[in-house]
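Below is the file structure09.csv, which contains CSV, C-alpha atoms.
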```
chain,number,residue,atom,x,y,z
F,1,MET,CA,15.4,11.6,-31.1
F,2,GLU,CA,14.5,8.3,-32.8
F,3,GLY,CA,15.6,4.8,-32.3
F,4,GLY,CA,15.6,4.3,-28.6
F,5,ASN,CA,16.3,6.2,-25.4
F,6,HIS,CA,18.5,9.3,-26.1
F,7,SER,CA,18.4,10.6,-22.5
F,8,VAL,CA,21.3,12.8,-21.4
F,9,VAL,CA,19.9,12.9,-17.9
F,10,SER,CA,21.5,10.2,-15.7
F,11,GLU,CA,20.0,11.3,-12.4
F,12,PHE,CA,17.3,13.4,-10.9
F,13,VAL,CA,17.4,15.9,-8.1
F,14,LEU,CA,14.7,15.5,-5.5
F,15,LEU,CA,13.5,18.7,-3.8
F,16,GLY,CA,12.2,16.7,-0.9
F,17,LEU,CA,9.3,17.6,1.5
F,18,THR,CA,10.5,20.9,2.8
F,19,HIS,CA,13.5,23.3,2.9
F,20,SER,CA,13.1,24.1,6.6
F,21,TRP,CA,15.8,22.4,8.7
F,22,GLU,CA,13.5,22.3,11.8
F,23,ILE,CA,10.7,20.6,9.9
F,24,GLN,CA,13.2,18.2,8.3
F,25,LEU,CA,14.4,17.2,11.8
F,26,LEU,CA,10.8,16.6,12.9
F,27,LEU,CA,10.1,14.6,9.8
F,28,LEU,CA,13.3,12.5,10.4
F,29,LEU,CA,12.2,11.6,13.9
F,30,PHE,CA,8.5,11.0,12.9
F,31,SER,CA,9.4,8.9,9.8
F,32,SER,CA,12.0,6.8,11.6
F,33,VAL,CA,9.7,5.9,14.4
F,34,ILE,CA,6.8,5.1,12.1
F,35,PHE,CA,9.0,3.1,9.8
F,36,VAL,CA,10.3,0.9,12.7
F,37,ALA,CA,6.8,0.6,14.1
F,38,SER,CA,5.5,-0.4,10.7
F,39,MET,CA,8.2,-3.1,10.3
F,40,THR,CA,7.6,-4.4,13.8
F,41,GLY,CA,3.8,-4.5,13.4
F,42,ASN,CA,3.7,-6.2,10.0
F,43,ILE,CA,6.4,-8.8,10.9
F,44,LEU,CA,4.5,-9.6,14.1
F,45,ILE,CA,1.3,-10.2,12.2
F,46,MET,CA,3.1,-12.5,9.7
F,47,PHE,CA,4.9,-14.3,12.5
F,48,SER,CA,1.7,-14.8,14.5
F,49,VAL,CA,-0.3,-16.0,11.6
F,50,THR,CA,2.4,-18.5,10.6
F,51,THR,CA,3.1,-19.9,14.1
F,52,ASP,CA,-0.3,-19.6,15.9
F,53,SER,CA,-2.7,-22.4,15.0
F,54,HIS,CA,-5.7,-20.2,16.1
F,55,LEU,CA,-5.0,-18.0,13.1
F,56,HIS,CA,-4.8,-20.7,10.5
F,57,SER,CA,-7.8,-19.5,8.6
F,58,PRO,CA,-8.4,-17.8,5.2
F,59,MET,CA,-8.9,-14.3,6.7
F,60,TYR,CA,-5.6,-14.3,8.5
F,61,PHE,CA,-3.8,-15.9,5.6
F,62,LEU,CA,-4.9,-12.9,3.5
F,63,LEU,CA,-4.0,-10.5,6.3
F,64,ALA,CA,-0.5,-11.9,6.5
F,65,SER,CA,-0.2,-11.5,2.7
F,66,LEU,CA,-1.3,-7.9,3.1
F,67,SER,CA,1.3,-7.4,5.8
F,68,PHE,CA,4.0,-8.7,3.5
F,69,ILE,CA,3.0,-6.2,0.8
F,70,ASP,CA,3.0,-3.4,3.4
F,71,LEU,CA,6.6,-4.3,4.2
F,72,GLY,CA,7.4,-3.8,0.6
F,73,VAL,CA,5.6,-0.5,0.4
F,74,SER,CA,7.6,0.8,3.4
F,75,PHE,CA,10.9,-0.3,1.9
F,76,THR,CA,10.1,1.3,-1.5
F,77,GLY,CA,10.1,4.9,-0.4
F,78,CYS,CA,10.7,5.4,3.3
F,79,PRO,CA,14.4,4.4,3.8
F,80,LYS,CA,15.6,6.7,1.0
F,81,MET,CA,13.4,9.5,2.2
F,82,ILE,CA,14.8,9.2,5.7
F,83,TYR,CA,18.4,9.0,4.3
F,84,ASP,CA,17.8,12.0,2.1
F,85,LEU,CA,16.7,14.1,5.1
F,86,PHE,CA,20.4,13.9,6.2
F,87,ARG,CA,21.6,15.2,2.8
F,88,LYS,CA,21.5,18.6,1.3
F,89,HIS,CA,21.8,17.3,-2.3
F,90,LYS,CA,19.1,14.6,-2.8
F,91,VAL,CA,19.5,12.6,-6.0
F,92,ILE,CA,18.2,9.4,-7.6
F,93,SER,CA,19.5,7.7,-10.8
F,94,LEU,CA,17.3,7.3,-13.8
F,95,GLY,CA,17.4,3.5,-13.3
F,96,GLY,CA,16.6,3.9,-9.6
F,97,CYS,CA,13.7,6.2,-10.5
F,98,ILE,CA,12.2,3.7,-12.9
F,99,ALA,CA,12.7,0.8,-10.4
F,100,GLN,CA,11.0,2.8,-7.7
F,101,ILE,CA,8.0,3.5,-10.0
F,102,PHE,CA,7.8,-0.2,-10.8
F,103,PHE,CA,7.6,-1.2,-7.1
F,104,ILE,CA,5.3,1.6,-6.1
F,105,HIS,CA,2.7,0.4,-8.7
F,106,PHE,CA,3.4,-3.3,-8.1
F,107,PHE,CA,2.7,-3.1,-4.4
F,108,GLY,CA,-0.1,-0.7,-4.8
F,109,VAL,CA,-2.1,-2.8,-7.3
F,110,THR,CA,-1.3,-6.0,-5.4
F,111,GLU,CA,-2.7,-4.5,-2.2
F,112,MET,CA,-5.8,-3.4,-4.1
F,113,MET,CA,-6.4,-7.0,-5.2
F,114,LEU,CA,-5.8,-8.4,-1.7
F,115,LEU,CA,-8.3,-5.9,-0.2
F,116,LEU,CA,-10.8,-7.2,-2.8
F,117,ALA,CA,-10.0,-10.8,-1.8
F,118,MET,CA,-10.4,-9.9,1.9
F,119,ALA,CA,-13.8,-8.3,1.1
F,120,PHE,CA,-14.9,-11.5,-0.7
F,121,ASP,CA,-13.7,-13.5,2.3
F,122,ARG,CA,-15.9,-11.5,4.6
F,123,TYR,CA,-18.8,-11.7,2.2
F,124,VAL,CA,-18.7,-15.5,2.2
F,125,ALA,CA,-18.1,-15.7,5.9
F,126,ILE,CA,-21.2,-13.6,6.7
F,127,CYS,CA,-23.5,-14.2,3.8
F,128,LYS,CA,-22.8,-17.8,3.1
F,129,PRO,CA,-21.4,-19.2,6.4
F,130,LEU,CA,-22.3,-22.8,5.7
F,131,HIS,CA,-20.2,-22.9,2.6
F,132,TYR,CA,-17.3,-20.8,3.9
F,133,LEU,CA,-14.7,-23.5,4.3
F,134,THR,CA,-15.7,-25.1,1.0
F,135,ILE,CA,-15.4,-21.8,-1.0
F,136,MET,CA,-12.5,-20.3,0.9
F,137,SER,CA,-10.3,-23.3,0.8
F,138,PRO,CA,-6.5,-23.1,1.1
F,139,ARG,CA,-6.2,-23.6,-2.6
F,140,MET,CA,-8.6,-20.6,-3.2
F,141,CYS,CA,-6.5,-18.4,-0.8
F,142,VAL,CA,-3.3,-19.2,-2.7
F,143,LEU,CA,-5.1,-18.5,-6.0
F,144,PHE,CA,-6.3,-15.1,-4.8
F,145,THR,CA,-2.8,-14.2,-3.7
F,146,ALA,CA,-1.3,-15.4,-7.0
F,147,ILE,CA,-3.8,-13.4,-9.0
F,148,ALA,CA,-3.1,-10.3,-6.9
F,149,TRP,CA,0.7,-10.7,-7.6
F,150,ALA,CA,0.0,-11.3,-11.3
F,151,PHE,CA,-2.1,-8.2,-11.6
F,152,GLY,CA,0.5,-6.1,-9.7
F,153,ILE,CA,3.4,-7.3,-11.9
F,154,SER,CA,1.5,-6.9,-15.2
F,155,HIS,CA,0.3,-3.4,-14.3
F,156,SER,CA,3.8,-2.3,-13.2
F,157,LEU,CA,5.4,-3.7,-16.4
F,158,PHE,CA,2.9,-1.8,-18.5
F,159,GLN,CA,3.6,1.4,-16.6
F,160,VAL,CA,7.4,1.0,-16.9
F,161,ALA,CA,7.0,0.2,-20.6
F,162,LEU,CA,5.4,3.6,-21.1
F,163,ILE,CA,8.3,5.5,-19.8
F,164,VAL,CA,11.4,3.4,-20.2
F,165,ASN,CA,12.3,4.8,-23.7
F,166,LEU,CA,11.2,8.4,-23.0
F,167,PRO,CA,14.0,11.0,-23.7
F,168,PHE,CA,15.1,13.1,-20.7
F,169,CYS,CA,17.4,15.9,-21.7
F,170,GLY,CA,16.8,18.4,-18.8
F,171,PRO,CA,15.6,19.9,-16.5
F,172,ASN,CA,16.1,17.1,-14.0
F,173,ILE,CA,14.5,18.4,-10.9
F,174,LEU,CA,11.6,16.4,-9.3
F,175,ASP,CA,9.5,18.4,-6.8
F,176,SER,CA,9.0,15.4,-4.6
F,177,PHE,CA,10.7,13.0,-2.2
F,178,TYR,CA,10.5,10.0,-4.5
F,179,CYS,CA,9.9,9.2,-8.1
F,180,ASP,CA,6.5,8.7,-9.6
F,181,LEU,CA,4.9,9.0,-13.0
F,182,PRO,CA,3.1,12.4,-12.7
F,183,TRP,CA,6.4,14.2,-12.1
F,184,LEU,CA,8.6,12.1,-14.4
F,185,LEU,CA,6.4,12.7,-17.4
F,186,ARG,CA,6.6,16.4,-17.0
F,187,LEU,CA,10.4,16.2,-17.4
F,188,ALA,CA,10.4,14.2,-20.6
F,189,CYS,CA,11.6,16.0,-23.7
F,190,THR,CA,8.6,15.1,-25.8
F,191,ASP,CA,4.8,15.6,-25.7
F,192,THR,CA,3.4,13.3,-23.0
F,193,TYR,CA,-0.2,14.4,-23.1
F,194,LYS,CA,-1.3,11.0,-24.4
F,195,LEU,CA,0.8,9.1,-21.9
F,196,GLN,CA,-0.7,11.2,-19.1
F,197,PHE,CA,-4.2,10.3,-20.3
F,198,ILE,CA,-3.3,6.6,-20.5
F,199,ILE,CA,-1.9,6.6,-17.0
F,200,ILE,CA,-5.0,8.4,-15.6
F,201,ALA,CA,-7.2,5.9,-17.5
F,202,ASN,CA,-5.1,3.0,-16.2
F,203,SER,CA,-4.1,3.7,-12.6
F,204,GLY,CA,-7.0,6.1,-12.0
F,205,VAL,CA,-9.7,3.8,-13.3
F,206,ILE,CA,-8.3,0.7,-11.5
F,207,SER,CA,-8.3,2.7,-8.3
F,208,VAL,CA,-11.8,4.1,-8.6
F,209,VAL,CA,-13.4,0.9,-9.8
F,210,SER,CA,-11.7,-1.2,-7.1
F,211,PHE,CA,-12.8,1.4,-4.4
F,212,PHE,CA,-16.4,1.5,-5.5
F,213,ALA,CA,-16.5,-2.3,-5.8
F,214,LEU,CA,-15.3,-2.6,-2.2
F,215,LEU,CA,-17.8,0.0,-1.0
F,216,ILE,CA,-20.7,-1.8,-2.7
F,217,GLY,CA,-19.5,-5.1,-1.3
F,218,TYR,CA,-19.2,-3.9,2.2
F,219,ILE,CA,-22.6,-2.2,2.0
F,220,VAL,CA,-24.1,-5.5,1.0
F,221,ILE,CA,-22.3,-7.3,3.9
F,222,LEU,CA,-23.4,-4.6,6.4
F,223,PHE,CA,-27.0,-4.9,5.2
F,224,THR,CA,-26.8,-8.7,5.6
F,225,VAL,CA,-25.4,-8.3,9.2
F,226,TRP,CA,-28.2,-5.8,10.0
F,227,LYS,CA,-30.9,-8.0,8.5
F,228,HIS,CA,-29.8,-11.2,10.3
F,229,SER,CA,-28.9,-9.5,13.6
F,230,SER,CA,-27.6,-12.0,16.2
F,231,SER,CA,-25.2,-12.5,19.0
F,232,GLY,CA,-22.4,-12.7,16.6
F,233,SER,CA,-23.1,-9.3,15.0
F,234,PRO,CA,-20.8,-7.2,17.3
F,235,LYS,CA,-17.8,-9.3,16.4
F,236,ALA,CA,-18.7,-9.1,12.7
F,237,LEU,CA,-19.2,-5.4,12.8
F,238,SER,CA,-15.9,-4.9,14.6
F,239,THR,CA,-14.1,-6.9,11.9
F,240,LEU,CA,-15.9,-5.1,9.1
F,241,SER,CA,-15.2,-1.7,10.6
F,242,ALA,CA,-11.5,-2.5,10.5
F,243,HIS,CA,-11.6,-3.6,6.9
F,244,ILE,CA,-13.6,-0.5,5.8
F,245,THR,CA,-11.3,1.9,7.7
F,246,VAL,CA,-8.3,0.3,5.9
F,247,VAL,CA,-10.0,0.6,2.5
F,248,LEU,CA,-10.8,4.3,3.1
F,249,LEU,CA,-7.3,5.2,4.2
F,250,PHE,CA,-5.6,3.2,1.4
F,251,PHE,CA,-7.7,4.4,-1.5
F,252,GLY,CA,-8.1,8.1,-0.5
F,253,PRO,CA,-4.4,9.1,-1.3
F,254,ILE,CA,-4.2,6.9,-4.4
F,255,ILE,CA,-7.4,8.2,-6.0
F,256,PHE,CA,-6.2,11.8,-5.3
F,257,ILE,CA,-2.8,11.2,-6.9
F,258,TYR,CA,-3.9,9.2,-10.0
F,259,ALA,CA,-7.5,10.2,-10.7
F,260,TRP,CA,-7.1,13.9,-10.0
F,261,PRO,CA,-5.5,15.6,-13.1
F,262,HIS,CA,-4.5,18.9,-11.4
F,263,HIS,CA,-3.3,19.1,-7.9
F,264,ASN,CA,-1.1,21.3,-5.7
F,265,SER,CA,2.4,20.1,-5.2
F,266,GLN,CA,2.5,20.6,-1.5
F,267,MET,CA,-0.8,18.9,-1.1
F,268,TYR,CA,0.4,16.0,-3.2
F,269,LYS,CA,3.5,15.7,-1.0
F,270,PHE,CA,1.4,15.4,2.1
F,271,VAL,CA,-0.8,12.8,0.5
F,272,ALA,CA,2.2,10.9,-0.9
F,273,LEU,CA,3.8,10.9,2.5
F,274,SER,CA,0.6,9.5,4.0
F,275,ASP,CA,0.5,6.8,1.4
F,276,ALA,CA,4.2,5.8,1.6
F,277,VAL,CA,4.8,6.0,5.4
F,278,LEU,CA,1.5,6.1,7.4
F,279,ILE,CA,-0.6,3.5,5.6
F,280,PRO,CA,1.8,0.5,6.1
F,281,PHE,CA,1.9,1.5,9.8
F,282,LEU,CA,-1.8,2.0,10.2
F,283,ASN,CA,-2.9,-1.3,8.6
F,284,PRO,CA,-1.4,-3.6,11.3
F,285,VAL,CA,-2.5,-1.1,14.0
F,286,ILE,CA,-6.1,-1.2,12.8
F,287,TYR,CA,-6.3,-4.9,12.2
F,288,THR,CA,-4.7,-5.7,15.6
F,289,PHE,CA,-6.6,-3.3,17.9
F,290,ARG,CA,-9.9,-4.1,16.3
F,291,ASN,CA,-9.4,-7.9,16.4
F,292,LYS,CA,-9.3,-9.7,19.8
F,293,GLU,CA,-8.0,-12.9,18.2
F,294,MET,CA,-5.0,-11.1,16.7
F,295,LYS,CA,-4.3,-9.2,19.9
F,296,ALA,CA,-4.3,-12.5,21.8
F,297,ALA,CA,-2.1,-14.2,19.2
F,298,ILE,CA,0.5,-11.4,19.3
F,299,LYS,CA,0.6,-11.7,23.1
F,300,ARG,CA,1.3,-15.4,22.7
F,301,SER,CA,4.0,-14.7,20.1
F,302,PHE,CA,5.7,-12.3,22.5
F,303,ARG,CA,5.6,-14.9,25.2
F,304,GLN,CA,7.1,-17.5,22.8
F,305,LEU,CA,9.9,-15.1,21.9
F,306,VAL,CA,10.7,-14.2,25.5
F,307,VAL,CA,10.8,-18.0,26.5
F,308,PHE,CA,13.0,-18.7,23.5
F,309,ARG,CA,15.4,-15.9,24.4
F,310,LYS,CA,15.6,-17.1,28.0
F,311,ILE,CA,16.3,-20.7,26.9
F,312,SER,CA,19.0,-19.6,24.4
```

Kindly transcribe the structure held in the file into structure tokens.
Amino acid sequence: MEGGNHSVVSEFVLLGLTHSWEIQLLLLLFSSVIFVASMTGNILIMFSVTTDSHLHSPMYFLLASLSFIDLGVSFTGCPKMIYDLFRKHKVISLGGCIAQIFFIHFFGVTEMMLLLAMAFDRYVAICKPLHYLTIMSPRMCVLFTAIAWAFGISHSLFQVALIVNLPFCGPNILDSFYCDLPWLLRLACTDTYKLQFIIIANSGVISVVSFFALLIGYIVILFTVWKHSSSGSPKALSTLSAHITVVLLFFGPIIFIYAWPHHNSQMYKFVALSDAVLIPFLNPVIYTFRNKEMKAAIKRSFRQLVVFRKIS
């Protein structure tokens, strides 16, 4: 097996989440509702930030960027998972599997970078309020977003480069509902111990370092709010609690998947389901319900849409 990809496997069989028809029906209903709600929530945030002048600020620009990434996360795994719940024989092509891995890692790392940018935005707003508009200029916001996308693309290309030429000659069964590196490496017809180590060192370290950087950053911000307690503290604490909640929900599954070398398959499926379906839904819910300005903007957006519909 030298000189390129000698795979004889052209597609992989996905075992899915469960073999129980009753549970599959429940998952179909649950996933479909959450998927539609996630699409609606993230699109509403993007629409509100774009059209409402009250939200033309760095924090909401980054939030709209995060919503765009969450849309991508939802479309990467959720539609196929819902579609496969109708099918007894669940398959994905080798090319589709690699493409799915690319987008999973692209959206994941990009979202990490955006969460870091949002933490920096809150740090400047609370710890250096007089310099906020100077530091968090529109140019800086665009730069943060561009850097997040660049990190996401480079990380994903590196991950795909590790597996694109691996030989797959059977078996071709993935005990999951979507493709990801931990399972795919187990099916390669070669020793992948070093590759597994590289992936843990790459994805795992990025996740853990980003998580602890965010935790330290928010601890500094919370200490600053407590030290300089004022009338604006409740609003700042409400905003920070939303950010911290999103960070914990986002990084928990990722660290478990990529920084935990041995894990139970069923537990992994539950965590992966949370990461692929719930997180893109919970992000807009948390940021909306914990933010009065966003709630007011979404109400105004609804009124605009209703008026536009009546006129047309």

Counting all atoms listed in the file, figure out which residue out of F:Met39, F:Leu166, F:Ile104, F:Leu71 gets nearest to Cys189 (chain F). F:Leu166

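CA of Phe12 (chain F) lies 5.0 Å from CA of Asn172 (chain F).
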
Record the distance separating CA of Thr190 (chain F) and CA of His155 (chain F), expressed in Å with one decimal. 23.3 Å

Closest to Thr145 (chain F) among F:Ile219, F:Asp180, F:Pro79, F:Leu62, using only C-alpha atoms? F:Leu62

Given all atoms listed in the file as the counted atoms, nearest of F:Leu278, F:Met294, F:Leu215, F:Ile92 to Leu116 (chain F):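 Selected residue with least distance to Leu116 (chain F): F:Leu215.
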
In Å, with one decimal, what is the gap from CA of Ile101 (chain F) to CA of Phe68 (chain F)? 18.6 Å

Nearest-residue call for Leu27 (chain F), choices F:Glu293, F:Asp84, F:Asp175, F:Asp275, using all atoms listed in the file: F:Asp84

Counting all atoms listed in the file, which of F:Met118, F:Pro58, F:Cys78, F:Gly16 gets nearest to Thr134 (chain F)?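 Closest residue, counting all atoms listed in the file: F:Pro58.
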
Go through F:Phe106, F:Tyr83, F:Phe212, F:Phe120 one by one, measure the shortest atom-to-atom distance of each to Tyr178 (chain F) using only C-alpha atoms, and give the residue with the smallest value. F:Tyr83

Nearby residues (all atoms listed in the file) at most 12 Å from Ala148 (chain F), same-chain spacing under 4 positions excluded, as a PDB file with C-alpha atoms, in the coordinates of the input:
```pdb
ATOM      1  CA  LEU F  62      -4.900 -12.900   3.500  1.00  0.00           C
ATOM      2  CA  SER F  65      -0.200 -11.500   2.700  1.00  0.00           C
ATOM      3  CA  LEU F  66      -1.300  -7.900   3.100  1.00  0.00           C
ATOM      4  CA  ILE F  69       3.000  -6.200   0.800  1.00  0.00           C
ATOM      5  CA  PHE F 106       3.400  -3.300  -8.100  1.00  0.00           C
ATOM      6  CA  PHE F 107       2.700  -3.100  -4.400  1.00  0.00           C
ATOM      7  CA  GLY F 108      -0.100  -0.700  -4.800  1.00  0.00           C
ATOM      8  CA  VAL F 109      -2.100  -2.800  -7.300  1.00  0.00           C
ATOM      9  CA  THR F 110      -1.300  -6.000  -5.400  1.00  0.00           C
ATOM     10  CA  GLU F 111      -2.700  -4.500  -2.200  1.00  0.00           C
ATOM     11  CA  MET F 112      -5.800  -3.400  -4.100  1.00  0.00           C
ATOM     12  CA  MET F 113      -6.400  -7.000  -5.200  1.00  0.00           C
ATOM     13  CA  LEU F 114      -5.800  -8.400  -1.700  1.00  0.00           C
ATOM     14  CA  LEU F 115      -8.300  -5.900  -0.200  1.00  0.00           C
ATOM     15  CA  LEU F 116     -10.800  -7.200  -2.800  1.00  0.00           C
ATOM     16  CA  ALA F 117     -10.000 -10.800  -1.800  1.00  0.00           C
ATOM     17  CA  MET F 118     -10.400  -9.900   1.900  1.00  0.00           C
ATOM     18  CA  CYS F 141      -6.500 -18.400  -0.800  1.00  0.00           C
ATOM     19  CA  VAL F 142      -3.300 -19.200  -2.700  1.00  0.00           C
ATOM     20  CA  LEU F 143      -5.100 -18.500  -6.000  1.00  0.00           C
ATOM     21  CA  PHE F 144      -6.300 -15.100  -4.800  1.00  0.00           C
ATOM     22  CA  GLY F 152       0.500  -6.100  -9.700  1.00  0.00           C
ATOM     23  CA  ILE F 153       3.400  -7.300 -11.900  1.00  0.00           C
ATOM     24  CA  SER F 154       1.500  -6.900 -15.200  1.00  0.00           C
ATOM     25  CA  HIS F 155       0.300  -3.400 -14.300  1.00  0.00           C
TER      26      HIS F 155
END
```

Neighbours of Pro182 (chain F) within 12 Å (all atoms listed in the file; same-chain residues fewer than 4 positions away dropped), as a PDB file with C-alpha atoms, keeping the file's coordinate frame?
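New file selection_22.pdb:
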```
ATOM      1  CA  ILE F 101       8.000   3.500 -10.000  1.00  0.00           C
ATOM      2  CA  GLN F 159       3.600   1.400 -16.600  1.00  0.00           C
ATOM      3  CA  ILE F 163       8.300   5.500 -19.800  1.00  0.00           C
ATOM      4  CA  LEU F 174      11.600  16.400  -9.300  1.00  0.00           C
ATOM      5  CA  ASP F 175       9.500  18.400  -6.800  1.00  0.00           C
ATOM      6  CA  SER F 176       9.000  15.400  -4.600  1.00  0.00           C
ATOM      7  CA  TYR F 178      10.500  10.000  -4.500  1.00  0.00           C
ATOM      8  CA  ARG F 186       6.600  16.400 -17.000  1.00  0.00           C
ATOM      9  CA  LEU F 187      10.400  16.200 -17.400  1.00  0.00           C
ATOM     10  CA  ALA F 188      10.400  14.200 -20.600  1.00  0.00           C
ATOM     11  CA  THR F 192       3.400  13.300 -23.000  1.00  0.00           C
ATOM     12  CA  TYR F 193      -0.200  14.400 -23.100  1.00  0.00           C
ATOM     13  CA  LEU F 195       0.800   9.100 -21.900  1.00  0.00           C
ATOM     14  CA  GLN F 196      -0.700  11.200 -19.100  1.00  0.00           C
ATOM     15  CA  PHE F 197      -4.200  10.300 -20.300  1.00  0.00           C
ATOM     16  CA  ILE F 198      -3.300   6.600 -20.500  1.00  0.00           C
ATOM     17  CA  ILE F 199      -1.900   6.600 -17.000  1.00  0.00           C
ATOM     18  CA  ILE F 200      -5.000   8.400 -15.600  1.00  0.00           C
ATOM     19  CA  SER F 203      -4.100   3.700 -12.600  1.00  0.00           C
ATOM     20  CA  GLY F 204      -7.000   6.100 -12.000  1.00  0.00           C
ATOM     21  CA  PHE F 256      -6.200  11.800  -5.300  1.00  0.00           C
ATOM     22  CA  ILE F 257      -2.800  11.200  -6.900  1.00  0.00           C
ATOM     23  CA  TYR F 258      -3.900   9.200 -10.000  1.00  0.00           C
ATOM     24  CA  ALA F 259      -7.500  10.200 -10.700  1.00  0.00           C
ATOM     25  CA  TRP F 260      -7.100  13.900 -10.000  1.00  0.00           C
ATOM     26  CA  PRO F 261      -5.500  15.600 -13.100  1.00  0.00           C
ATOM     27  CA  HIS F 262      -4.500  18.900 -11.400  1.00  0.00           C
ATOM     28  CA  HIS F 263      -3.300  19.100  -7.900  1.00  0.00           C
ATOM     29  CA  SER F 265       2.400  20.100  -5.200  1.00  0.00           C
ATOM     30  CA  TYR F 268       0.400  16.000  -3.200  1.00  0.00           C
ATOM     31  CA  ALA F 272       2.200  10.900  -0.900  1.00  0.00           C
TER      32      ALA F 272
END
```

Quick one: residues within 9 Å of Met136 (chain F), all atoms listed in the file, excluding same-chain residues fewer than 2 positions away - as a PDB file with C-alpha atoms, in the coordinates of the input?
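See part_16.pdb below for the written result:
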```pdb
ATOM      1  CA  PRO F  58      -8.400 -17.800   5.200  1.00  0.00           C
ATOM      2  CA  ASP F 121     -13.700 -13.500   2.300  1.00  0.00           C
ATOM      3  CA  VAL F 124     -18.700 -15.500   2.200  1.00  0.00           C
ATOM      4  CA  ALA F 125     -18.100 -15.700   5.900  1.00  0.00           C
ATOM      5  CA  HIS F 131     -20.200 -22.900   2.600  1.00  0.00           C
ATOM      6  CA  TYR F 132     -17.300 -20.800   3.900  1.00  0.00           C
ATOM      7  CA  LEU F 133     -14.700 -23.500   4.300  1.00  0.00           C
ATOM      8  CA  THR F 134     -15.700 -25.100   1.000  1.00  0.00           C
ATOM      9  CA  PRO F 138      -6.500 -23.100   1.100  1.00  0.00           C
ATOM     10  CA  ARG F 139      -6.200 -23.600  -2.600  1.00  0.00           C
ATOM     11  CA  MET F 140      -8.600 -20.600  -3.200  1.00  0.00           C
ATOM     12  CA  CYS F 141      -6.500 -18.400  -0.800  1.00  0.00           C
TER      13      CYS F 141
END
```

Close residues, Val91 (chain F) itself excluded, 7 Å, all atoms listed in the file, min 4 positions apart in chain, as number ranges by chain: F: 11-14
